>>> print(open('model-v1.txt').read())   # compact mmCIF, C-alpha atoms and all ligand atoms
# COMPACT_ATOMS: atom_id res chain seq x y z
CA MET A 402 0.00 0.00 0.00
CA THR A 403 1.18 3.51 -0.80
CA SER A 404 1.32 5.71 2.28
CA GLN A 405 0.03 9.26 2.38
CA ILE A 406 3.53 10.64 2.12
CA ASP A 407 4.37 8.39 -0.84
CA THR A 408 1.24 9.61 -2.57
CA LEU A 409 2.33 13.17 -2.00
CA LYS A 410 5.74 12.43 -3.44
CA MET A 411 3.99 11.30 -6.61
CA MET A 412 2.25 14.61 -7.00
CA PRO A 413 3.06 17.39 -9.50
CA ILE A 414 6.11 19.39 -10.29
CA GLN A 415 7.42 22.79 -9.64
CA LEU A 416 9.14 24.93 -12.22
CA GLU A 417 10.96 28.19 -11.83
CA LYS A 418 8.61 31.11 -12.24
CA ASP A 419 9.76 34.14 -14.16
CA THR A 420 9.35 37.10 -11.86
CA ASN A 421 9.35 39.55 -14.79
CA GLN A 422 5.95 38.37 -15.87
CA ALA A 423 2.51 39.44 -14.78
CA SER A 424 1.29 37.72 -11.62
CA ALA A 425 -1.20 34.86 -11.92
CA PHE A 426 -4.09 37.13 -10.96
CA GLU A 427 -2.96 39.79 -13.42
CA VAL A 428 -2.93 37.07 -16.08
CA ALA A 429 -6.52 36.13 -15.15
CA GLN A 430 -7.55 39.79 -15.43
CA ILE A 431 -5.80 40.22 -18.81
CA GLN A 432 -7.57 37.11 -20.13
CA LEU A 433 -10.92 38.49 -18.96
CA GLU A 434 -10.30 41.89 -20.55
CA LYS A 435 -9.23 40.30 -23.83
CA ALA A 436 -12.51 38.37 -24.05
CA VAL A 437 -14.61 41.33 -22.96
CA LYS A 438 -13.23 43.37 -25.89
CA LYS A 439 -15.04 40.96 -28.18
CA MET A 440 -18.26 41.05 -26.18
CA ASN A 441 -21.00 43.52 -25.69
CA LEU A 442 -20.72 43.29 -21.90
CA ASP A 443 -22.46 45.74 -19.60
CA PRO A 444 -19.61 47.71 -17.91
CA ASN A 445 -21.47 47.48 -14.60
CA ILE A 446 -21.23 43.71 -14.78
CA LEU A 447 -17.56 43.85 -15.78
CA ALA A 448 -16.82 46.06 -12.79
CA GLN A 449 -18.11 43.27 -10.52
CA LEU A 450 -16.18 40.56 -12.34
CA LYS A 451 -12.72 42.00 -11.81
CA GLU A 452 -12.21 41.02 -8.17
CA PRO A 453 -13.34 38.15 -5.91
CA GLU A 454 -16.52 38.58 -3.89
CA LYS A 455 -14.76 37.52 -0.70
CA VAL A 456 -11.33 36.47 0.52
CA LEU A 457 -10.67 34.88 3.89
CA ILE A 458 -7.14 34.80 5.29
CA VAL A 459 -6.58 32.49 8.24
CA SER A 460 -3.74 31.59 10.59
CA ILE A 461 -3.44 27.89 11.28
CA PRO A 462 -1.47 26.92 14.40
CA VAL A 463 -0.21 23.34 14.23
CA LYS A 464 1.55 21.32 16.93
CA MET A 465 4.54 19.91 15.08
CA ASP A 466 6.01 16.51 15.94
CA ASN A 467 9.04 18.13 17.58
CA GLY A 468 6.87 19.88 20.16
CA THR A 469 6.95 23.37 18.63
CA VAL A 470 3.93 25.21 17.26
CA LYS A 471 4.13 26.42 13.70
CA VAL A 472 1.63 28.94 12.36
CA PHE A 473 0.68 28.46 8.72
CA THR A 474 -1.24 30.90 6.52
CA GLY A 475 -4.29 29.72 4.61
CA TYR A 476 -6.69 31.34 2.17
CA ARG A 477 -10.11 30.82 0.67
CA ALA A 478 -11.07 33.10 -2.21
CA GLN A 479 -14.69 33.13 -3.37
CA TYR A 480 -14.74 34.74 -6.76
CA ASN A 481 -18.31 34.78 -8.03
CA SER A 482 -21.46 33.04 -6.79
CA ALA A 483 -23.99 34.22 -9.39
CA ARG A 484 -24.44 30.76 -10.91
CA GLY A 485 -24.59 28.76 -7.70
CA PRO A 486 -22.62 27.55 -4.68
CA LEU A 487 -18.90 28.27 -4.83
CA LYS A 488 -16.66 25.41 -5.93
CA GLY A 489 -12.95 24.76 -6.10
CA GLY A 490 -10.02 22.87 -4.68
CA VAL A 491 -7.48 23.62 -1.96
CA ARG A 492 -3.78 23.77 -2.84
CA TYR A 493 -0.98 22.93 -0.40
CA HIS A 494 2.30 24.29 -1.70
CA PRO A 495 5.20 26.40 -0.39
CA ASP A 496 4.68 28.95 -3.20
CA VAL A 497 0.97 29.55 -2.57
CA THR A 498 0.13 33.27 -2.47
CA LEU A 499 -3.08 35.22 -2.10
CA ASP A 500 -2.61 36.43 -5.67
CA GLU A 501 -2.41 32.85 -6.96
CA VAL A 502 -5.46 31.73 -4.98
CA LYS A 503 -7.45 34.68 -6.36
CA ALA A 504 -6.43 33.76 -9.92
CA LEU A 505 -7.35 30.13 -9.36
CA SER A 506 -10.74 31.18 -7.96
CA ALA A 507 -11.42 33.27 -11.09
CA TRP A 508 -10.46 30.32 -13.31
CA MET A 509 -12.83 28.06 -11.34
CA THR A 510 -15.65 30.53 -12.01
CA TRP A 511 -15.05 30.42 -15.78
CA LYS A 512 -14.43 26.65 -15.73
CA CYS A 513 -17.76 25.86 -14.04
CA ALA A 514 -19.56 28.18 -16.45
CA VAL A 515 -17.89 26.62 -19.53
CA ALA A 516 -18.77 23.16 -18.23
CA GLY A 517 -22.39 24.24 -17.69
CA ILE A 518 -22.49 23.12 -14.06
CA PRO A 519 -24.45 25.11 -11.44
CA TYR A 520 -21.57 26.58 -9.47
CA GLY A 521 -19.63 29.74 -8.90
CA GLY A 522 -15.85 29.60 -8.49
CA ALA A 523 -13.61 29.51 -5.42
CA LYS A 524 -10.19 28.27 -4.42
CA GLY A 525 -8.24 27.65 -1.25
CA GLY A 526 -4.59 27.42 -0.47
CA VAL A 527 -2.23 26.85 2.44
CA ILE A 528 1.42 27.89 2.36
CA CYS A 529 3.18 24.70 3.43
CA SER A 530 5.57 21.99 2.20
CA PRO A 531 3.51 18.81 2.49
CA LYS A 532 6.40 16.61 1.33
CA GLU A 533 8.34 17.68 4.42
CA MET A 534 5.49 17.15 6.90
CA SER A 535 4.49 13.99 8.73
CA GLU A 536 1.06 12.51 8.27
CA GLY A 537 0.05 13.67 11.75
CA GLU A 538 1.18 17.24 11.08
CA LEU A 539 -0.73 17.27 7.80
CA GLU A 540 -3.86 15.96 9.47
CA ARG A 541 -3.72 18.63 12.20
CA LEU A 542 -3.11 21.33 9.59
CA SER A 543 -6.00 20.10 7.45
CA ARG A 544 -8.51 19.86 10.28
CA ARG A 545 -7.65 23.29 11.66
CA TYR A 546 -7.80 24.87 8.17
CA ILE A 547 -11.34 23.54 7.70
CA TYR A 548 -12.29 24.76 11.16
CA GLU A 549 -10.98 28.24 10.28
CA ILE A 550 -12.98 28.46 7.03
CA SER A 551 -16.01 26.51 8.32
CA SER A 552 -18.26 29.58 8.53
CA ILE A 553 -18.06 30.18 4.78
CA ILE A 554 -18.25 26.58 3.46
CA GLY A 555 -21.12 24.11 3.31
CA PRO A 556 -23.01 21.97 0.79
CA LYS A 557 -25.03 24.92 -0.50
CA LYS A 558 -22.36 27.56 0.17
CA ASP A 559 -18.86 26.59 -0.91
CA ILE A 560 -17.58 23.08 -1.62
CA PRO A 561 -13.79 22.44 -1.35
CA ALA A 562 -12.01 19.63 -3.24
CA PRO A 563 -8.45 18.47 -4.00
CA ASP A 564 -5.89 20.47 -5.97
CA VAL A 565 -2.08 20.37 -6.10
CA TYR A 566 -0.71 18.20 -3.23
CA THR A 567 -4.11 17.56 -1.63
CA THR A 568 -5.51 14.04 -1.78
CA PRO A 569 -8.71 12.05 -1.13
CA LYS A 570 -7.29 11.21 2.30
CA ILE A 571 -7.08 14.91 3.14
CA MET A 572 -10.67 15.33 1.87
CA GLY A 573 -11.65 12.58 4.35
CA TRP A 574 -10.20 14.65 7.22
CA TYR A 575 -12.00 17.73 5.85
CA ILE A 576 -15.46 16.12 5.73
CA ASP A 577 -15.00 14.49 9.13
CA THR A 578 -13.98 17.81 10.69
CA TYR A 579 -16.83 19.71 9.05
CA ASN A 580 -19.41 17.15 10.14
CA LYS A 581 -18.10 17.02 13.71
CA LEU A 582 -18.18 20.83 13.90
CA THR A 583 -21.70 21.16 12.53
CA GLY A 584 -23.11 18.05 14.13
CA GLY A 585 -24.34 16.76 10.77
CA ALA A 586 -23.55 14.00 8.33
CA SER A 587 -23.25 15.91 5.05
CA PHE A 588 -21.75 14.03 2.12
CA SER A 589 -21.70 17.06 -0.12
CA THR A 590 -19.61 19.71 1.63
CA ILE A 591 -16.41 18.25 0.21
CA THR A 592 -15.76 16.44 -3.08
CA GLY A 593 -12.84 14.29 -4.15
CA LYS A 594 -13.44 12.19 -1.01
CA PRO A 595 -12.38 8.57 -0.59
CA LEU A 596 -14.96 6.09 -1.91
CA GLU A 597 -15.52 4.84 1.65
CA LEU A 598 -16.80 8.31 2.55
CA TRP A 599 -19.03 8.50 -0.52
CA GLY A 600 -16.64 9.93 -3.01
CA SER A 601 -17.59 9.28 -6.63
CA GLU A 602 -16.45 6.47 -8.84
CA GLY A 603 -14.23 7.96 -11.54
CA ARG A 604 -13.30 11.13 -9.59
CA GLY A 605 -9.62 10.16 -9.23
CA GLU A 606 -9.16 9.88 -12.99
CA ALA A 607 -11.69 12.55 -13.96
CA THR A 608 -9.37 15.46 -14.79
CA ALA A 609 -7.24 13.33 -17.10
CA ARG A 610 -10.26 11.51 -18.54
CA GLY A 611 -11.97 14.78 -19.44
CA LEU A 612 -8.72 15.98 -21.00
CA SER A 613 -8.39 12.81 -23.03
CA TYR A 614 -11.93 13.28 -24.43
CA THR A 615 -11.07 16.82 -25.52
CA VAL A 616 -7.78 15.70 -27.09
CA GLU A 617 -9.67 13.00 -28.98
CA VAL A 618 -11.99 15.49 -30.69
CA ALA A 619 -9.25 18.08 -31.22
CA ALA A 620 -7.08 15.45 -32.94
CA LYS A 621 -9.99 14.52 -35.22
CA LYS A 622 -10.46 18.18 -36.12
CA LEU A 623 -6.77 18.44 -37.06
CA SER A 624 -6.72 15.04 -38.81
CA ILE A 625 -4.17 13.65 -36.38
CA ASN A 626 -4.24 9.87 -36.13
CA PRO A 627 -3.36 8.93 -32.52
CA LEU A 628 -1.86 5.65 -33.72
CA GLU A 629 0.81 7.61 -35.56
CA ALA A 630 1.13 10.50 -33.11
CA THR A 631 3.30 11.46 -30.15
CA ALA A 632 2.59 13.15 -26.82
CA VAL A 633 4.71 14.88 -24.18
CA ILE A 634 3.59 15.29 -20.57
CA GLN A 635 5.08 17.94 -18.26
CA GLY A 636 4.24 17.13 -14.62
CA TYR A 637 3.50 13.68 -13.24
CA GLY A 638 0.97 14.17 -10.48
CA ASN A 639 -2.64 13.02 -10.66
CA ALA A 640 -3.52 14.84 -13.90
CA GLY A 641 -0.19 14.28 -15.67
CA SER A 642 0.37 10.62 -14.90
CA ILE A 643 -3.21 9.59 -15.72
CA SER A 644 -3.22 11.73 -18.90
CA ALA A 645 -0.11 9.84 -20.00
CA LYS A 646 -1.90 6.55 -19.37
CA LEU A 647 -5.12 7.53 -21.14
CA LEU A 648 -3.40 9.10 -24.17
CA HIS A 649 -1.25 5.98 -24.44
CA GLU A 650 -4.48 3.94 -24.44
CA GLN A 651 -5.74 6.08 -27.34
CA GLY A 652 -2.62 5.04 -29.26
CA TYR A 653 -0.25 7.97 -28.66
CA LYS A 654 3.40 7.25 -28.26
CA ILE A 655 4.43 9.10 -25.07
CA ILE A 656 7.96 10.28 -25.87
CA ALA A 657 8.73 12.38 -22.78
CA VAL A 658 7.45 12.98 -19.25
CA SER A 659 8.78 14.98 -16.31
CA ASP A 660 8.30 15.79 -12.65
CA SER A 661 9.88 18.25 -10.22
CA LYS A 662 13.22 16.41 -10.27
CA GLY A 663 13.58 16.33 -14.08
CA GLY A 664 12.40 14.76 -17.29
CA ILE A 665 12.94 11.59 -19.31
CA TYR A 666 12.87 11.22 -23.10
CA ASN A 667 12.78 8.30 -25.50
CA PRO A 668 11.80 8.96 -29.14
CA GLN A 669 10.77 5.28 -29.43
CA GLY A 670 8.20 5.76 -26.67
CA ILE A 671 8.29 5.45 -22.89
CA ASP A 672 6.85 2.46 -21.05
CA ILE A 673 4.17 4.40 -19.15
CA LEU A 674 3.14 1.64 -16.75
CA GLY A 675 6.81 1.01 -15.97
CA VAL A 676 7.35 4.72 -15.23
CA SER A 677 4.47 4.83 -12.76
CA ASP A 678 5.86 1.82 -10.86
CA TYR A 679 9.33 3.36 -10.96
CA LYS A 680 8.04 6.66 -9.58
CA THR A 681 6.15 4.91 -6.79
CA LYS A 682 9.38 3.16 -5.78
CA THR A 683 11.89 6.00 -6.19
CA GLY A 684 9.76 9.13 -5.79
CA SER A 685 10.56 10.45 -9.28
CA VAL A 686 10.46 9.58 -12.98
CA LYS A 687 14.07 10.74 -13.20
CA GLY A 688 16.56 7.95 -13.73
CA PHE A 689 14.03 5.63 -15.36
CA PRO A 690 15.99 3.12 -17.44
CA LYS A 691 15.56 3.00 -21.22
CA ALA A 692 15.12 6.77 -21.49
CA GLU A 693 17.52 9.70 -21.49
CA PHE A 694 17.44 12.74 -19.22
CA ILE A 695 15.77 15.87 -20.58
CA SER A 696 15.50 19.32 -18.98
CA HIS A 697 12.12 20.99 -18.40
CA LYS A 698 12.99 23.59 -20.98
CA ASP A 699 13.87 21.11 -23.72
CA LEU A 700 10.90 18.89 -22.93
CA LEU A 701 8.40 21.67 -23.61
CA GLU A 702 10.09 22.40 -26.94
CA LEU A 703 10.10 18.83 -28.26
CA GLU A 704 8.62 17.99 -31.66
CA CYS A 705 5.30 16.25 -30.84
CA ASP A 706 1.60 16.21 -31.70
CA VAL A 707 0.18 16.78 -28.23
CA LEU A 708 1.83 18.66 -25.37
CA VAL A 709 0.19 18.40 -21.94
CA PRO A 710 1.43 20.92 -19.35
CA ALA A 711 0.21 19.30 -16.13
CA ALA A 712 2.06 21.15 -13.37
CA LEU A 713 1.89 24.78 -12.30
CA GLU A 714 1.19 28.22 -13.77
CA ARG A 715 3.15 30.21 -16.34
CA VAL A 716 5.49 27.65 -17.88
CA ILE A 717 4.72 28.59 -21.50
CA THR A 718 5.77 32.20 -21.83
CA GLU A 719 6.93 34.64 -24.50
CA LYS A 720 10.43 33.17 -23.95
CA ASN A 721 9.67 29.65 -25.16
CA ALA A 722 6.38 29.96 -27.09
CA ASN A 723 8.20 30.49 -30.38
CA ASN A 724 10.08 27.22 -29.90
CA ILE A 725 7.03 25.10 -29.16
CA LYS A 726 6.42 22.56 -31.90
CA ALA A 727 3.35 20.70 -30.63
CA LYS A 728 0.20 20.79 -32.79
CA ILE A 729 -2.15 20.62 -29.79
CA ILE A 730 -1.55 21.96 -26.28
CA ALA A 731 -4.00 20.43 -23.79
CA GLU A 732 -3.75 22.32 -20.51
CA ALA A 733 -4.15 19.93 -17.57
CA ALA A 734 -2.61 22.55 -15.25
CA ASN A 735 -4.39 25.76 -14.38
CA GLY A 736 -2.83 28.82 -16.00
CA PRO A 737 0.24 27.26 -17.69
CA THR A 738 0.26 29.75 -20.61
CA THR A 739 0.81 33.50 -20.32
CA PRO A 740 -1.17 35.99 -22.47
CA GLU A 741 1.99 36.89 -24.45
CA ALA A 742 2.57 33.21 -25.22
CA ASP A 743 -1.08 32.83 -26.21
CA GLU A 744 -0.64 35.46 -28.94
CA ILE A 745 2.47 33.73 -30.30
CA LEU A 746 0.89 30.26 -30.24
CA PHE A 747 -2.24 31.54 -31.99
CA GLN A 748 -0.11 33.12 -34.76
CA LYS A 749 1.73 29.81 -35.10
CA GLY A 750 -1.60 28.00 -35.54
CA ILE A 751 -1.17 25.78 -32.48
CA PHE A 752 -4.50 24.43 -31.25
CA ILE A 753 -4.84 25.15 -27.53
CA ILE A 754 -7.41 23.37 -25.43
CA PRO A 755 -7.47 25.93 -22.60
CA ASP A 756 -7.33 24.91 -18.93
CA ILE A 757 -10.89 26.01 -18.16
CA LEU A 758 -12.06 23.47 -20.74
CA ALA A 759 -9.31 20.81 -20.87
CA ASN A 760 -9.12 20.17 -17.12
CA ALA A 761 -12.82 20.71 -16.35
CA GLY A 762 -13.32 16.94 -15.97
CA GLY A 763 -12.21 17.13 -12.34
CA VAL A 764 -14.84 19.63 -11.28
CA ILE A 765 -17.48 18.04 -13.52
CA VAL A 766 -17.11 14.76 -11.63
CA SER A 767 -16.95 16.72 -8.37
CA TYR A 768 -20.37 18.04 -9.38
CA PHE A 769 -21.55 14.45 -9.93
CA GLU A 770 -20.14 13.51 -6.52
CA TRP A 771 -22.05 16.41 -4.93
CA VAL A 772 -25.29 15.42 -6.68
CA GLN A 773 -24.86 11.77 -5.68
CA GLY A 774 -24.14 12.82 -2.08
CA LEU A 775 -27.24 15.04 -1.91
CA TYR A 776 -29.40 12.16 -3.11
CA GLY A 777 -27.49 9.48 -1.21
CA TYR A 778 -27.68 7.44 -4.41
CA PHE A 779 -24.49 6.47 -6.19
CA TRP A 780 -23.67 5.75 -9.84
CA SER A 781 -21.44 3.26 -11.58
CA GLU A 782 -18.12 4.38 -13.07
CA GLU A 783 -19.53 3.83 -16.58
CA LYS A 784 -22.39 6.21 -15.86
CA VAL A 785 -20.00 8.82 -14.41
CA ASN A 786 -17.67 8.59 -17.41
CA SER A 787 -20.39 8.75 -20.03
CA ARG A 788 -22.01 11.77 -18.35
CA LEU A 789 -18.59 13.42 -18.09
CA LYS A 790 -17.99 12.84 -21.78
CA LYS A 791 -21.34 14.35 -22.70
CA LEU A 792 -20.77 17.54 -20.67
CA ILE A 793 -17.17 18.14 -21.68
CA LEU A 794 -17.82 17.56 -25.38
CA LYS A 795 -20.78 19.92 -25.27
CA ALA A 796 -18.43 22.53 -23.77
CA PHE A 797 -15.79 21.77 -26.40
CA ASN A 798 -18.34 22.29 -29.19
CA GLU A 799 -19.55 25.60 -27.74
CA VAL A 800 -15.99 26.86 -27.50
CA SER A 801 -15.12 25.73 -31.05
CA ARG A 802 -18.26 27.34 -32.42
CA ILE A 803 -17.43 30.69 -30.80
CA ALA A 804 -13.75 30.49 -31.79
CA GLU A 805 -14.73 29.99 -35.44
CA LYS A 806 -17.45 32.63 -35.40
CA GLU A 807 -15.27 35.25 -33.69
CA LYS A 808 -12.08 34.14 -35.47
CA THR A 809 -10.33 34.04 -32.15
CA ASP A 810 -8.27 31.62 -30.07
CA ASN A 811 -9.94 28.91 -28.01
CA ARG A 812 -9.12 30.50 -24.66
CA THR A 813 -10.79 33.77 -25.61
CA ALA A 814 -13.73 31.80 -27.02
CA ALA A 815 -14.04 29.85 -23.76
CA TYR A 816 -13.96 33.11 -21.81
CA ILE A 817 -16.61 34.69 -24.06
CA TYR A 818 -18.88 31.75 -23.40
CA ALA A 819 -18.17 31.59 -19.66
CA VAL A 820 -18.37 35.33 -19.00
CA SER A 821 -21.64 35.63 -20.90
CA GLN A 822 -23.16 32.79 -18.82
CA VAL A 823 -22.05 34.41 -15.55
CA ALA A 824 -23.17 37.86 -16.74
CA LYS A 825 -26.65 36.58 -17.61
CA ALA A 826 -27.05 35.15 -14.10
CA MET A 827 -25.83 38.41 -12.55
CA LYS A 828 -28.21 40.44 -14.67
CA VAL A 829 -31.33 38.53 -13.64
CA ARG A 830 -30.27 38.52 -9.98
CA GLY A 831 -29.54 42.25 -9.80
CA ILE A 832 -27.72 43.65 -6.78
CA TRP A 833 -28.93 43.11 -3.23
CA PRO A 834 -29.88 45.19 -1.25
N1 LIG B 901 -8.74 21.45 -8.33
C1 LIG B 901 -9.52 21.06 -9.47
C2 LIG B 901 -9.58 22.17 -10.48
O1 LIG B 901 -8.74 23.03 -10.50
C3 LIG B 901 -10.87 20.48 -9.10
C4 LIG B 901 -11.79 21.38 -8.35
C5 LIG B 901 -13.06 20.71 -7.82
O2 LIG B 901 -13.25 19.54 -8.05
O3 LIG B 901 -13.83 21.42 -7.18
O4 LIG B 901 -10.42 22.20 -11.35
>>> encode(input="model-v1.txt", output="structure tokens")
Amino acid sequence: MTSQIDTLKMMPIQLEKDTNQASAFEVAQIQLEKAVKKMNLDPNILAQLKEPEKVLIVSIPVKMDNGTVKVFTGYRAQYNSARGPLKGGVRYHPDVTLDEVKALSAWMTWKCAVAGIPYGGAKGGVICSPKEMSEGELERLSRRYIYEISSIIGPKKDIPAPDVYTTPKIMGWYIDTYNKLTGGASFSTITGKPLELWGSEGRGEATARGLSYTVEVAAKKLSINPLEATAVIQGYGNAGSISAKLLHEQGYKIIAVSDSKGGIYNPQGIDILGVSDYKTKTGSVKGFPKAEFISHKDLLELECDVLVPAALERVITEKNANNIKAKIIAEAANGPTTPEADEILFQKGIFIIPDILANAGGVIVSYFEWVQGLYGYFWSEEKVNSRLKKLILKAFNEVSRIAEKEKTDNRTAAYIYAVSQVAKAMKVRGIWP
């Protein structure tokens, strides 16, 4: 059995961020403004869409194993609730900032709207290094974080879920803490829970599965035959490793993958199942036999059909966009491409499946988990997957239709669709009081 800490070691990668670029939240605002230029949006609505509705900053004291008390900082940003309860994961990472959490909460808002699910967008984060913490420390941190934000979450208020370095096990501590605090037995305050606590079948693979459905239709559009095509995966956490597996199942030859320690490359194809076993044993893909070492920089610039950035924000920038040779970029990570890079990639004719569409499978199945929990009636994995496919392909078609009509890139098209959905809800609600 893999322990909690082993699971965390298998999670995604960290790349150097370029401090000269716009911050993540500035990127989110630039993306919004770019889409709004093509829309006939009421300026009074736009004014309300530029900042989160609410941000909670909490201090989380944790008794560490060595007897000292360490105080961590946590956030929950609630961006927009016009379309329904707020929804979004919680990230544990040493580089978490309020700015990043705000950006991620904006992206959740647009993602839920693109996917057509009845939620607003939120995100949480705790500044911590989970790989360096014991299981007990992590549990105490997790329970106290949920206590600190408990007044603003709930099944019809705001529903947390996993994100970078947070796992189903952590979601189990979250739901237990919430239910103990409120004296209830809610299944639907947290999603991404373990199956034993009424998580959903298919939730663990959902982000990658949704992505693989979108890649399938994008490849058809571009007349790419997966049996003769190659894919490169940057980041080997939940989304990256399962994307590699599912694209391989579609027929793609996976020629390179990476994690925080480095990348591996084999033009003949990498044995994906072997890599996952190797990473479970050693903690990294690096050093995997029958493949050569490749740097993060070179990996992103490899000749391939499909590139899947599956780690953190802002890895495709104006510095490397010109060197990217992929035909499709499917964004498993949130915010991997900067606005400057977007312009370059669009000019180069690269087909981007933007994050708020490509990785929406995770939150779509979270929505199914929430619905199942509210009813107390649970579906088979086949039913979950087929409903996921239906929703994500509907979103893909909407985005493609707008991109063609507006002669714009897919991200802007996705934003036009999402922002108009949110704006319509805001309009009919009006402002209270
Ligand atoms: N963290 C995931 C995301 O960024 C999933 C969120 C959720 O399931 O609520 O989309």
>>> residues_near_ligand(input="model-v1.txt", ligand="ligand LIG 901 (chain B)", cutoff="6 Å", atoms="only C-alpha atoms and all ligand atoms", output="PyMOL selection string")
chain A and resi 488-490+561-564+761+763-764+767
>>> atom_distance(input="model-v1.txt", atom1="atom CA of Lys749 of chain A", atom2="atom CA of His697 of chain A")
21.6 Å
>>> closest_residue(input="model-v1.txt", among="A:Val515, A:Ile461, A:Ala734, A:Ile528", to="Val820 of chain A", atoms="all atoms listed in the file")
A:Val515
>>> residues_near_point(input="model-v1.txt", point="(-12.1, 31.3, -24.4)", cutoff="12 Å", atoms="all atoms listed in the file", output="VMD selection string")
chain A and resid 429 432 to 437 439 to 440 508 511 to 512 514 to 515 743 753 to 759 796 to 805 807 to 821
>>> atom_distance(input="model-v1.txt", atom1="atom CA of Arg715 of chain A", atom2="atom CA of Phe426 of chain A")
11.4 Å
>>> residues_around(input="model-v1.txt", residues="Gln635 of chain A", least_positions_apart="5", cutoff="10 Å", atoms="all atoms listed in the file", output="list of chain:residue names")
A:Pro413, A:Ile414, A:Gly641, A:Ser642, A:Ala645, A:Ala657, A:Val658, A:Ser659, A:Asp660, A:Ser661, A:Gly663, A:Gly664, A:His697, A:Leu700, A:Leu701, A:Leu708, A:Val709, A:Pro710, A:Ala711, A:Ala712, A:Leu713, A:Val716, A:Ala733, A:Ala734
>>> closest_residue(input="model-v1.txt", among="A:Leu647, A:Ala483, A:Leu746, A:Ile665", to="Ile446 of chain A", atoms="all atoms listed in the file")
A:Ala483
>>> closest_residue(input="model-v1.txt", among="A:Lys621, A:Lys795, A:Lys451, A:Lys720", to="Gln422 of chain A", atoms="all atoms listed in the file")
A:Lys720
>>> closest_residue(input="model-v1.txt", among="A:Ser543, A:Thr739, A:Ser589, A:Gln651", to="Tyr768 of chain A", atoms="all atoms listed in the file")
A:Ser589
>>> closest_residue(input="model-v1.txt", among="A:Gly573, A:Gly605, A:Gly585, A:Gly774", to="Ser644 of chain A", atoms="only C-alpha atoms")
A:Gly605
>>> closest_residue(input="model-v1.txt", among="A:Glu650, A:Asp672, A:Glu617, A:Asp706", to="Leu794 of chain A", atoms="all atoms listed in the file")
A:Glu617
>>> atom_distance(input="model-v1.txt", atom1="atom CA of Ile625 of chain A", atom2="atom CA of Ile729 of chain A")
9.8 Å
